[in-house]
>>> print(open('input27.cif').read())   # mmCIF, C-alpha atoms
data_start
loop_
_atom_site.label_atom_id
_atom_site.label_comp_id
_atom_site.auth_asym_id
_atom_site.auth_seq_id
_atom_site.Cartn_x
_atom_site.Cartn_y
_atom_site.Cartn_z
CA MET A 463 -32.77 6.87 15.05
CA SER A 464 -34.61 3.65 15.88
CA ILE A 465 -37.81 1.85 15.06
CA GLU A 466 -39.67 -0.66 17.18
CA GLY A 467 -41.27 -3.74 15.69
CA ALA A 468 -39.12 -3.76 12.58
CA HIS A 469 -39.21 -7.56 12.71
CA GLY A 470 -41.29 -10.09 14.62
CA LYS A 471 -41.44 -9.87 18.39
CA GLY A 472 -39.02 -12.17 20.17
CA THR A 473 -36.77 -12.60 17.13
CA GLU A 474 -33.26 -11.32 16.52
CA THR A 475 -32.07 -9.17 13.65
CA GLY A 476 -29.28 -11.09 11.92
CA SER A 477 -27.78 -8.18 9.95
CA MET A 478 -28.23 -4.55 9.00
CA THR A 479 -26.41 -3.29 5.89
CA PHE A 480 -26.23 0.18 4.30
CA SER A 481 -26.43 0.63 0.58
CA VAL A 482 -23.89 2.61 -1.47
CA ASP A 483 -26.21 5.63 -1.63
CA GLY A 484 -26.08 5.93 2.18
CA ARG A 485 -29.86 6.22 2.53
CA THR A 486 -31.09 2.65 2.03
CA VAL A 487 -30.81 0.07 4.81
CA LEU A 488 -31.26 -3.70 4.44
CA THR A 489 -32.24 -5.83 7.44
CA ARG A 490 -32.48 -9.61 7.83
CA GLY A 491 -34.69 -10.71 10.70
CA GLY A 492 -35.34 -13.92 12.55
CA ASP A 493 -38.99 -13.80 11.45
CA ASP A 494 -38.05 -15.20 7.99
CA THR A 495 -38.17 -11.79 6.33
CA VAL A 496 -35.87 -9.35 4.54
CA LYS A 497 -36.84 -5.68 4.61
CA LEU A 498 -35.62 -2.60 2.81
CA TRP A 499 -35.76 0.77 4.60
CA ASP A 500 -35.25 4.42 3.67
CA LEU A 501 -33.72 6.61 6.36
CA ARG A 502 -35.72 9.62 5.16
CA ALA A 503 -38.96 7.74 5.92
CA PHE A 504 -38.00 5.22 8.53
CA LYS A 505 -41.46 4.36 9.79
CA LYS A 506 -42.41 1.96 7.00
CA PRO A 507 -40.24 -0.41 4.94
CA LEU A 508 -39.92 0.25 1.23
CA ALA A 509 -40.21 -3.46 0.42
CA SER A 510 -40.40 -6.75 2.26
CA ARG A 511 -39.82 -10.39 1.31
CA SER A 512 -41.09 -13.22 3.51
CA GLU A 513 -40.87 -17.02 3.46
CA LEU A 514 -37.11 -16.97 3.84
CA THR A 515 -36.59 -19.71 6.42
CA THR A 516 -34.21 -18.60 9.16
CA LEU A 517 -32.71 -21.38 11.27
CA TYR A 518 -29.75 -19.42 12.68
CA PRO A 519 -29.97 -16.01 14.35
CA ASN A 520 -26.82 -14.69 12.61
CA THR A 521 -28.01 -15.38 9.05
CA ASN A 522 -27.30 -12.21 7.07
CA ALA A 523 -28.20 -10.43 3.82
CA MET A 524 -26.10 -7.99 1.78
CA PHE A 525 -26.05 -5.89 -1.38
CA SER A 526 -24.19 -6.88 -4.54
CA PRO A 527 -21.09 -4.81 -5.48
CA ASP A 528 -23.04 -3.03 -8.26
CA ASP A 529 -25.91 -2.28 -5.82
CA LYS A 530 -28.50 -3.95 -8.07
CA TYR A 531 -29.19 -7.19 -6.21
CA ILE A 532 -29.50 -8.60 -2.70
CA ILE A 533 -28.24 -12.02 -1.64
CA THR A 534 -29.28 -14.01 1.41
CA GLY A 535 -29.65 -17.60 2.54
CA SER A 536 -32.78 -19.62 3.20
CA GLY A 537 -32.85 -22.73 5.36
CA ALA A 538 -34.19 -26.12 4.46
CA SER A 539 -37.94 -26.52 4.94
CA SER A 540 -37.60 -30.12 6.19
CA LYS A 541 -35.02 -32.13 8.09
CA GLY A 542 -32.20 -33.23 5.82
CA GLY A 543 -33.38 -30.91 3.04
CA ARG A 544 -31.28 -28.62 0.92
CA GLY A 545 -30.73 -24.95 1.58
CA LYS A 546 -31.05 -22.11 -0.91
CA LEU A 547 -29.18 -18.98 -1.92
CA MET A 548 -31.71 -16.30 -2.84
CA PHE A 549 -30.89 -13.49 -5.27
CA LEU A 550 -33.40 -10.64 -4.98
CA GLU A 551 -33.89 -7.46 -6.97
CA LYS A 552 -32.95 -4.44 -4.87
CA ASN A 553 -35.96 -2.15 -5.25
CA SER A 554 -38.82 -4.67 -5.24
CA LEU A 555 -37.15 -7.65 -3.52
CA ASP A 556 -38.47 -9.97 -6.21
CA VAL A 557 -36.70 -13.30 -6.55
CA VAL A 558 -34.33 -13.18 -9.51
CA LYS A 559 -32.60 -16.52 -9.07
CA THR A 560 -32.53 -19.39 -6.60
CA LEU A 561 -29.50 -21.66 -6.17
CA GLU A 562 -29.68 -24.83 -4.10
CA VAL A 563 -26.81 -25.85 -1.81
CA ASP A 564 -26.19 -28.95 0.31
CA SER A 565 -27.38 -27.47 3.61
CA THR A 566 -28.62 -24.25 5.21
CA PRO A 567 -26.51 -21.15 4.42
CA VAL A 568 -25.47 -19.38 7.61
CA LYS A 569 -23.35 -16.50 6.27
CA VAL A 570 -22.94 -15.03 2.78
CA PHE A 571 -20.36 -12.58 1.49
CA TRP A 572 -20.10 -11.00 -1.97
CA HIS A 573 -16.52 -9.77 -2.53
CA SER A 574 -16.48 -6.54 -4.48
CA LYS A 575 -12.94 -6.68 -5.87
CA ILE A 576 -12.74 -10.25 -7.16
CA ASN A 577 -16.55 -10.56 -7.75
CA GLN A 578 -16.97 -13.90 -5.97
CA ILE A 579 -19.54 -15.11 -3.45
CA VAL A 580 -18.40 -17.06 -0.38
CA THR A 581 -21.01 -18.93 1.65
CA GLY A 582 -20.62 -20.87 4.89
CA LEU A 583 -23.05 -23.77 5.31
CA SER A 584 -24.36 -25.38 8.47
CA ASN A 585 -22.62 -28.69 7.68
CA GLY A 586 -19.18 -27.03 7.79
CA GLN A 587 -18.72 -26.61 4.04
CA ILE A 588 -17.62 -23.41 2.33
CA VAL A 589 -19.06 -22.78 -1.13
CA VAL A 590 -17.40 -20.30 -3.52
CA LEU A 591 -19.32 -19.03 -6.56
CA TYR A 592 -17.50 -17.22 -9.34
CA SER A 593 -18.02 -16.07 -12.91
CA PRO A 594 -15.60 -17.29 -15.62
CA MET A 595 -15.94 -13.92 -17.36
CA THR A 596 -15.99 -11.23 -14.66
CA SER A 597 -14.32 -12.83 -11.59
CA LEU A 598 -10.65 -12.27 -10.81
CA ASN A 599 -8.18 -14.51 -8.97
CA GLY A 600 -9.52 -16.35 -5.90
CA ALA A 601 -11.08 -19.70 -6.77
CA LYS A 602 -10.52 -18.97 -10.44
CA LEU A 603 -6.79 -19.56 -10.01
CA LEU A 604 -7.38 -23.14 -8.88
CA SER A 605 -9.81 -23.87 -11.68
CA ASN A 606 -7.33 -22.68 -14.31
CA LYS A 607 -4.65 -25.10 -13.14
CA GLY A 608 -6.70 -28.21 -13.80
CA PRO A 609 -6.16 -31.65 -12.29
CA PRO A 610 -2.59 -32.96 -11.95
CA ARG A 611 -1.36 -35.17 -14.75
CA LYS A 612 -1.18 -38.85 -13.85
CA VAL A 613 1.79 -41.02 -14.73
CA THR A 614 0.89 -43.43 -17.51
CA ILE A 615 2.36 -46.78 -18.57
CA GLU A 616 3.98 -45.11 -21.57
CA ASP A 617 5.97 -42.80 -19.33
CA MET A 618 7.24 -45.74 -17.27
CA SER A 619 8.15 -47.76 -20.35
CA ASP A 620 10.10 -44.86 -21.83
CA ALA A 621 12.06 -44.49 -18.62
CA LEU A 622 12.88 -48.19 -18.46
CA ALA A 623 13.72 -48.43 -22.14
CA ALA A 624 16.23 -45.58 -22.01
CA PRO A 625 19.69 -47.11 -22.54
CA SER A 626 22.36 -46.53 -19.88
CA ILE A 627 26.00 -46.51 -20.99
CA ILE A 628 28.56 -47.21 -18.28
CA THR A 629 32.11 -46.01 -19.02
CA PRO A 630 34.24 -46.53 -15.90
CA HIS A 631 37.56 -45.86 -17.67
CA ALA A 632 36.50 -42.73 -19.54
CA LEU A 633 38.01 -39.30 -18.96
CA PRO A 634 36.48 -37.32 -16.09
CA MET A 635 34.88 -34.81 -18.44
CA PHE A 636 33.10 -37.60 -20.36
CA ARG A 637 32.34 -39.84 -17.41
CA ASP A 638 28.72 -40.15 -16.38
CA MET A 639 28.98 -39.88 -12.60
CA ASP A 640 26.48 -41.90 -10.63
CA PRO A 641 24.85 -39.55 -8.07
CA GLY A 642 24.90 -42.32 -5.47
CA ARG A 643 28.59 -43.13 -5.75
CA GLY A 644 31.65 -40.98 -5.22
CA THR A 645 29.76 -37.91 -4.09
CA LYS A 646 31.49 -37.68 -0.70
CA ARG A 647 34.97 -37.91 -2.19
CA LYS A 648 34.07 -35.38 -4.87
CA ALA A 649 32.71 -32.97 -2.25
CA GLU A 650 35.92 -33.23 -0.20
CA LYS A 651 37.99 -32.57 -3.30
CA ASP A 652 35.89 -29.56 -4.25
CA ARG A 653 36.28 -28.24 -0.73
CA LEU A 654 40.04 -27.97 -1.23
CA ASP A 655 39.63 -26.13 -4.52
CA PRO A 656 39.56 -22.35 -3.86
CA ARG A 657 37.42 -21.66 -6.92
CA LYS A 658 34.78 -24.30 -6.34
CA SER A 659 34.58 -23.66 -2.60
CA ARG A 660 34.61 -19.87 -3.21
CA ARG A 661 37.08 -19.32 -0.42
CA PRO A 662 38.03 -15.63 -0.01
CA GLU A 663 41.64 -14.61 -0.48
CA LEU A 664 43.71 -14.61 2.71
CA PRO A 665 45.25 -11.29 3.79
CA VAL A 666 48.97 -10.87 3.14
CA THR A 667 49.66 -8.76 6.22
CA GLY A 668 47.80 -7.64 9.32
CA PRO A 669 45.07 -9.48 11.23
CA GLY A 670 44.14 -12.77 9.64
CA LYS A 671 47.54 -13.41 8.13
CA GLY A 672 48.13 -17.10 7.63
CA GLY A 673 44.47 -17.95 8.11
CA ARG A 674 44.25 -16.82 11.75
CA VAL A 675 41.76 -14.08 12.46
CA GLY A 676 43.04 -13.19 15.92
CA ALA A 677 44.19 -14.42 19.31
CA SER A 678 42.52 -14.52 22.67
CA ALA A 679 43.39 -12.23 25.57
CA THR A 680 45.41 -14.96 27.28
CA GLN A 681 47.51 -15.57 24.18
CA HIS A 682 48.14 -11.83 23.85
CA VAL A 683 49.45 -11.59 27.43
CA VAL A 684 51.66 -14.65 27.00
CA GLN A 685 53.14 -13.29 23.79
CA ASN A 686 54.03 -9.99 25.46
CA LEU A 687 55.61 -11.79 28.41
CA VAL A 688 57.82 -13.79 26.08
CA ARG A 689 58.92 -10.70 24.18
CA ASP A 690 59.74 -8.68 27.34
CA THR A 691 63.38 -9.47 28.26
CA THR A 692 63.89 -6.79 30.93
CA ARG A 693 63.23 -9.26 33.72
CA ASP A 694 66.31 -11.24 32.72
CA GLN A 695 68.60 -8.16 32.92
CA ASP A 696 70.66 -7.27 36.01
CA PRO A 697 69.36 -3.94 37.37
CA ARG A 698 72.79 -3.00 38.77
CA GLU A 699 74.43 -3.35 35.38
CA ALA A 700 71.57 -1.41 33.73
CA LEU A 701 72.16 1.55 36.06
CA LEU A 702 75.94 1.52 36.03
CA LYS A 703 76.08 1.86 32.26
CA TYR A 704 74.67 5.39 32.64
CA ALA A 705 77.40 6.30 35.13
CA GLU A 706 80.14 5.58 32.63
CA LYS A 707 78.27 7.42 29.92
CA SER A 708 77.74 10.56 32.04
CA GLU A 709 81.43 10.77 32.81
CA SER A 710 82.58 10.35 29.23
CA ASP A 711 79.92 12.51 27.53
CA PRO A 712 78.28 15.06 29.83
CA GLN A 713 76.29 16.57 26.96
CA TRP A 714 72.89 15.26 25.93
CA THR A 715 73.75 13.20 22.96
CA ALA A 716 71.18 10.41 23.48
CA GLY A 717 68.48 10.12 20.88
CA GLU A 718 65.64 8.84 23.04
CA PHE A 719 63.95 10.92 25.71
CA GLU A 720 63.80 8.09 28.23
CA GLU A 721 67.55 7.51 28.04
CA VAL A 722 68.32 11.22 28.54
CA LEU A 723 66.00 11.40 31.53
CA VAL A 724 67.60 8.38 33.19
CA GLU A 725 71.09 9.76 32.49
CA ARG A 726 70.34 13.12 34.13
CA THR A 727 68.64 11.50 37.10
CA TRP A 728 71.62 9.21 37.65
CA LYS A 729 74.16 12.03 37.57
CA VAL A 730 72.26 14.39 39.88
CA ASN A 731 71.28 11.85 42.50
CA GLN A 732 74.65 10.18 42.94
CA PRO A 733 76.01 10.66 46.49
CA ARG A 734 79.39 12.26 46.96
CA PRO A 735 81.84 9.87 48.53
CA VAL A 736 83.23 11.06 51.87
CA PHE A 737 86.22 9.11 53.05
CA ALA A 738 88.43 9.63 56.08
CA PRO A 739 91.85 11.04 55.17
CA ALA A 740 94.33 8.29 54.96
CA PRO A 741 97.23 8.75 57.46
CA GLU A 742 100.57 9.40 55.85
CA GLU A 743 102.90 6.58 56.34
CA GLU A 744 106.00 7.49 58.17
CA GLU A 745 109.07 7.38 56.15
CA GLU A 746 110.98 4.42 56.78
CA GLU A 747 114.12 5.01 58.66
CA LYS A 748 117.02 4.89 56.53
#
>>> encode(input="input27.cif", output="structure tokens")
Amino acid sequence: MSIEGAHGKGTETGSMTFSVDGRTVLTRGGDDTVKLWDLRAFKKPLASRSELTTLYPNTNAMFSPDDKYIITGSGASSKGGRGKLMFLEKNSLDVVKTLEVDSTPVKVFWHSKINQIVTGLSNGQIVVLYSPMTSLNGAKLLSNKGPPRKVTIEDMSDALAAPSIITPHALPMFRDMDPGRGTKRKAEKDRLDPRKSRRPELPVTGPGKGGRVGASATQHVVQNLVRDTTRDQDPREALLKYAEKSESDPQWTAGEFEEVLVERTWKVNQPRPVFAPAPEEEEEEK
């Protein structure tokens, strides 16, 4: 669906907005006009409002949240003049209210939830319009705070007139500690206190005992090397002890499996001694 010649030839349409009913269309053209259209009869506009100076091609127009009014901007008629915000009645496009601003309005937006109007002007300013009764949040939050309270001479005199009592030899609980003195020493002392430093309790046994969480891989290897004493033992003596044991107690009386296995292996694998028969010595002649 399209229509030719909706606005002046050679001009640009700044905006096209649908109404809540879904049938009414609002257009803002570069020919200084605002037109209202009905999609069911799209050949002719329902209403038109002219003499709305358009200095920027993206100047827009939009419906109010309650769909009763139309807002748009109008440029200054002379150089250095003031711009205008135009509030029009929806059906007839009659001017309901005109509000002057510092310069030409380029874009307008009427927020439906907080009921506030935000306008961007050609001089870089942003103007926010709100109602004290119906608007919510937004710029209303800043207006409710009010200007910051300034420090008066009375406040300074009260601060200077406040007496200061210095008690250097008082008990710690009654001493008025100067925040600029003794804070480092106090912080170091509190660090040693388990309650004030909130140090967790150290484990009694297991990893972390004595405040050490764990050891590195190198320390673990070194510790095992120190504990292992087999390298200092004579291997011949370690094997011969099983020979004596196998002769005295041939039964398996050892409690550990490794010792039984070594004992059996020693007994089975021992070579049988083969010696040459010793010659009998001749009896000495009597």
>>> resolve_selection(input="input27.cif", expression="the PyMOL selection byres ((chain A and resi 504) around 12)", output="PyMOL selection string")
chain A and resi 463-468+485-488+497-503+505-508
>>> atom_distance(input="input27.cif", atom1="CA of Val563 (chain A)", atom2="CA of Thr534 (chain A)")
12.5 Å
>>> atom_distance(input="input27.cif", atom1="CA of Val580 (chain A)", atom2="CA of Arg611 (chain A)")
28.7 Å
>>> resolve_selection(input="input27.cif", expression="the PyMOL selection byres ((chain A and resi 600) around 12)", output="ChimeraX atom specification")
/A:573,575-580,590-594,597-599,601-606
>>> residues_around(input="input27.cif", residues="Ser536 (chain A)", least_positions_apart="4", cutoff="12 Å", atoms="only C-alpha atoms", output="PDB file with C-alpha atoms, in the coordinates of the input")
ATOM      1  CA  ARG A 490     -32.480  -9.610   7.830  1.00  0.00           C
ATOM      2  CA  GLY A 491     -34.690 -10.710  10.700  1.00  0.00           C
ATOM      3  CA  GLY A 492     -35.340 -13.920  12.550  1.00  0.00           C
ATOM      4  CA  ASP A 493     -38.990 -13.800  11.450  1.00  0.00           C
ATOM      5  CA  ASP A 494     -38.050 -15.200   7.990  1.00  0.00           C
ATOM      6  CA  THR A 495     -38.170 -11.790   6.330  1.00  0.00           C
ATOM      7  CA  VAL A 496     -35.870  -9.350   4.540  1.00  0.00           C
ATOM      8  CA  ARG A 511     -39.820 -10.390   1.310  1.00  0.00           C
ATOM      9  CA  SER A 512     -41.090 -13.220   3.510  1.00  0.00           C
ATOM     10  CA  GLU A 513     -40.870 -17.020   3.460  1.00  0.00           C
ATOM     11  CA  LEU A 514     -37.110 -16.970   3.840  1.00  0.00           C
ATOM     12  CA  THR A 515     -36.590 -19.710   6.420  1.00  0.00           C
ATOM     13  CA  THR A 516     -34.210 -18.600   9.160  1.00  0.00           C
ATOM     14  CA  LEU A 517     -32.710 -21.380  11.270  1.00  0.00           C
ATOM     15  CA  TYR A 518     -29.750 -19.420  12.680  1.00  0.00           C
ATOM     16  CA  THR A 521     -28.010 -15.380   9.050  1.00  0.00           C
ATOM     17  CA  ASN A 522     -27.300 -12.210   7.070  1.00  0.00           C
ATOM     18  CA  ALA A 523     -28.200 -10.430   3.820  1.00  0.00           C
ATOM     19  CA  SER A 540     -37.600 -30.120   6.190  1.00  0.00           C
ATOM     20  CA  GLY A 543     -33.380 -30.910   3.040  1.00  0.00           C
ATOM     21  CA  ARG A 544     -31.280 -28.620   0.920  1.00  0.00           C
ATOM     22  CA  GLY A 545     -30.730 -24.950   1.580  1.00  0.00           C
ATOM     23  CA  LYS A 546     -31.050 -22.110  -0.910  1.00  0.00           C
ATOM     24  CA  LEU A 547     -29.180 -18.980  -1.920  1.00  0.00           C
ATOM     25  CA  MET A 548     -31.710 -16.300  -2.840  1.00  0.00           C
ATOM     26  CA  PHE A 549     -30.890 -13.490  -5.270  1.00  0.00           C
ATOM     27  CA  THR A 560     -32.530 -19.390  -6.600  1.00  0.00           C
ATOM     28  CA  LEU A 561     -29.500 -21.660  -6.170  1.00  0.00           C
ATOM     29  CA  GLU A 562     -29.680 -24.830  -4.100  1.00  0.00           C
ATOM     30  CA  VAL A 563     -26.810 -25.850  -1.810  1.00  0.00           C
ATOM     31  CA  ASP A 564     -26.190 -28.950   0.310  1.00  0.00           C
ATOM     32  CA  SER A 565     -27.380 -27.470   3.610  1.00  0.00           C
ATOM     33  CA  THR A 566     -28.620 -24.250   5.210  1.00  0.00           C
ATOM     34  CA  PRO A 567     -26.510 -21.150   4.420  1.00  0.00           C
ATOM     35  CA  VAL A 568     -25.470 -19.380   7.610  1.00  0.00           C
ATOM     36  CA  LYS A 569     -23.350 -16.500   6.270  1.00  0.00           C
ATOM     37  CA  VAL A 570     -22.940 -15.030   2.780  1.00  0.00           C
ATOM     38  CA  THR A 581     -21.010 -18.930   1.650  1.00  0.00           C
ATOM     39  CA  LEU A 583     -23.050 -23.770   5.310  1.00  0.00           C
ATOM     40  CA  SER A 584     -24.360 -25.380   8.470  1.00  0.00           C
TER      41      SER A 584
END
>>> atom_distance(input="input27.cif", atom1="CA of Pro739 (chain A)", atom2="CA of Lys703 (chain A)")
29.3 Å
>>> closest_residue(input="input27.cif", among="A:Arg660, A:Lys541, A:Arg647, A:Lys552", to="Asp528 (chain A)", atoms="all atoms listed in the file")
A:Lys552
>>> decode(input="input27.cif", residues="region 580-591 of chain A", atoms="all heavy atoms", output="compact mmCIF listing (two decimals), in the first residue's frame")
# COMPACT_ATOMS: atom_id res chain seq x y z
N VAL A 580 10.65 13.78 26.16
CA VAL A 580 12.07 14.06 25.97
C VAL A 580 12.25 14.64 24.57
O VAL A 580 11.79 14.06 23.58
CB VAL A 580 12.91 12.78 26.15
CG1 VAL A 580 14.40 13.10 26.02
CG2 VAL A 580 12.63 12.14 27.49
N THR A 581 12.92 15.78 24.52
CA THR A 581 13.12 16.48 23.25
C THR A 581 14.59 16.81 23.07
O THR A 581 15.24 17.32 23.98
CB THR A 581 12.31 17.79 23.22
OG1 THR A 581 10.95 17.51 23.51
CG2 THR A 581 12.41 18.45 21.86
N GLY A 582 15.11 16.52 21.87
CA GLY A 582 16.48 16.90 21.53
C GLY A 582 16.47 18.14 20.66
O GLY A 582 15.80 18.18 19.62
N LEU A 583 17.21 19.17 21.07
CA LEU A 583 17.23 20.43 20.35
C LEU A 583 18.46 20.52 19.45
O LEU A 583 19.42 19.76 19.60
CB LEU A 583 17.23 21.60 21.35
CG LEU A 583 16.10 21.61 22.38
CD1 LEU A 583 16.21 22.85 23.25
CD2 LEU A 583 14.73 21.53 21.71
N SER A 584 18.40 21.45 18.52
CA SER A 584 19.48 21.61 17.55
C SER A 584 20.76 22.17 18.17
O SER A 584 21.84 22.03 17.59
CB SER A 584 19.02 22.52 16.40
OG SER A 584 18.66 23.80 16.91
N ASN A 585 20.67 22.80 19.33
CA ASN A 585 21.86 23.35 19.99
C ASN A 585 22.54 22.34 20.91
O ASN A 585 23.45 22.69 21.65
CB ASN A 585 21.50 24.60 20.78
CG ASN A 585 20.47 24.34 21.87
OD1 ASN A 585 19.95 23.23 21.98
ND2 ASN A 585 20.16 25.36 22.65
N GLY A 586 22.08 21.08 20.90
CA GLY A 586 22.68 20.03 21.71
C GLY A 586 22.03 19.81 23.05
O GLY A 586 22.43 18.90 23.79
N GLN A 587 21.04 20.59 23.40
CA GLN A 587 20.35 20.42 24.68
C GLN A 587 19.31 19.31 24.60
O GLN A 587 18.79 19.00 23.53
CB GLN A 587 19.68 21.73 25.10
CG GLN A 587 20.63 22.85 25.45
CD GLN A 587 19.90 24.10 25.91
OE1 GLN A 587 18.66 24.13 25.94
NE2 GLN A 587 20.65 25.13 26.26
N ILE A 588 19.01 18.75 25.76
CA ILE A 588 17.94 17.77 25.91
C ILE A 588 16.96 18.32 26.94
O ILE A 588 17.35 18.57 28.08
CB ILE A 588 18.47 16.39 26.33
CG1 ILE A 588 19.38 15.82 25.24
CG2 ILE A 588 17.32 15.44 26.60
CD1 ILE A 588 19.99 14.50 25.60
N VAL A 589 15.73 18.48 26.55
CA VAL A 589 14.68 19.03 27.41
C VAL A 589 13.75 17.91 27.82
O VAL A 589 13.28 17.14 26.96
CB VAL A 589 13.90 20.16 26.70
CG1 VAL A 589 12.80 20.71 27.60
CG2 VAL A 589 14.85 21.27 26.29
N VAL A 590 13.47 17.80 29.12
CA VAL A 590 12.57 16.79 29.66
C VAL A 590 11.39 17.50 30.30
O VAL A 590 11.56 18.35 31.18
CB VAL A 590 13.27 15.89 30.69
CG1 VAL A 590 12.31 14.84 31.21
CG2 VAL A 590 14.50 15.23 30.07
N LEU A 591 10.19 17.16 29.87
CA LEU A 591 8.95 17.72 30.41
C LEU A 591 8.23 16.63 31.20
O LEU A 591 8.11 15.49 30.72
CB LEU A 591 8.05 18.24 29.28
CG LEU A 591 8.69 19.24 28.30
CD1 LEU A 591 7.70 19.60 27.20
CD2 LEU A 591 9.15 20.49 29.03
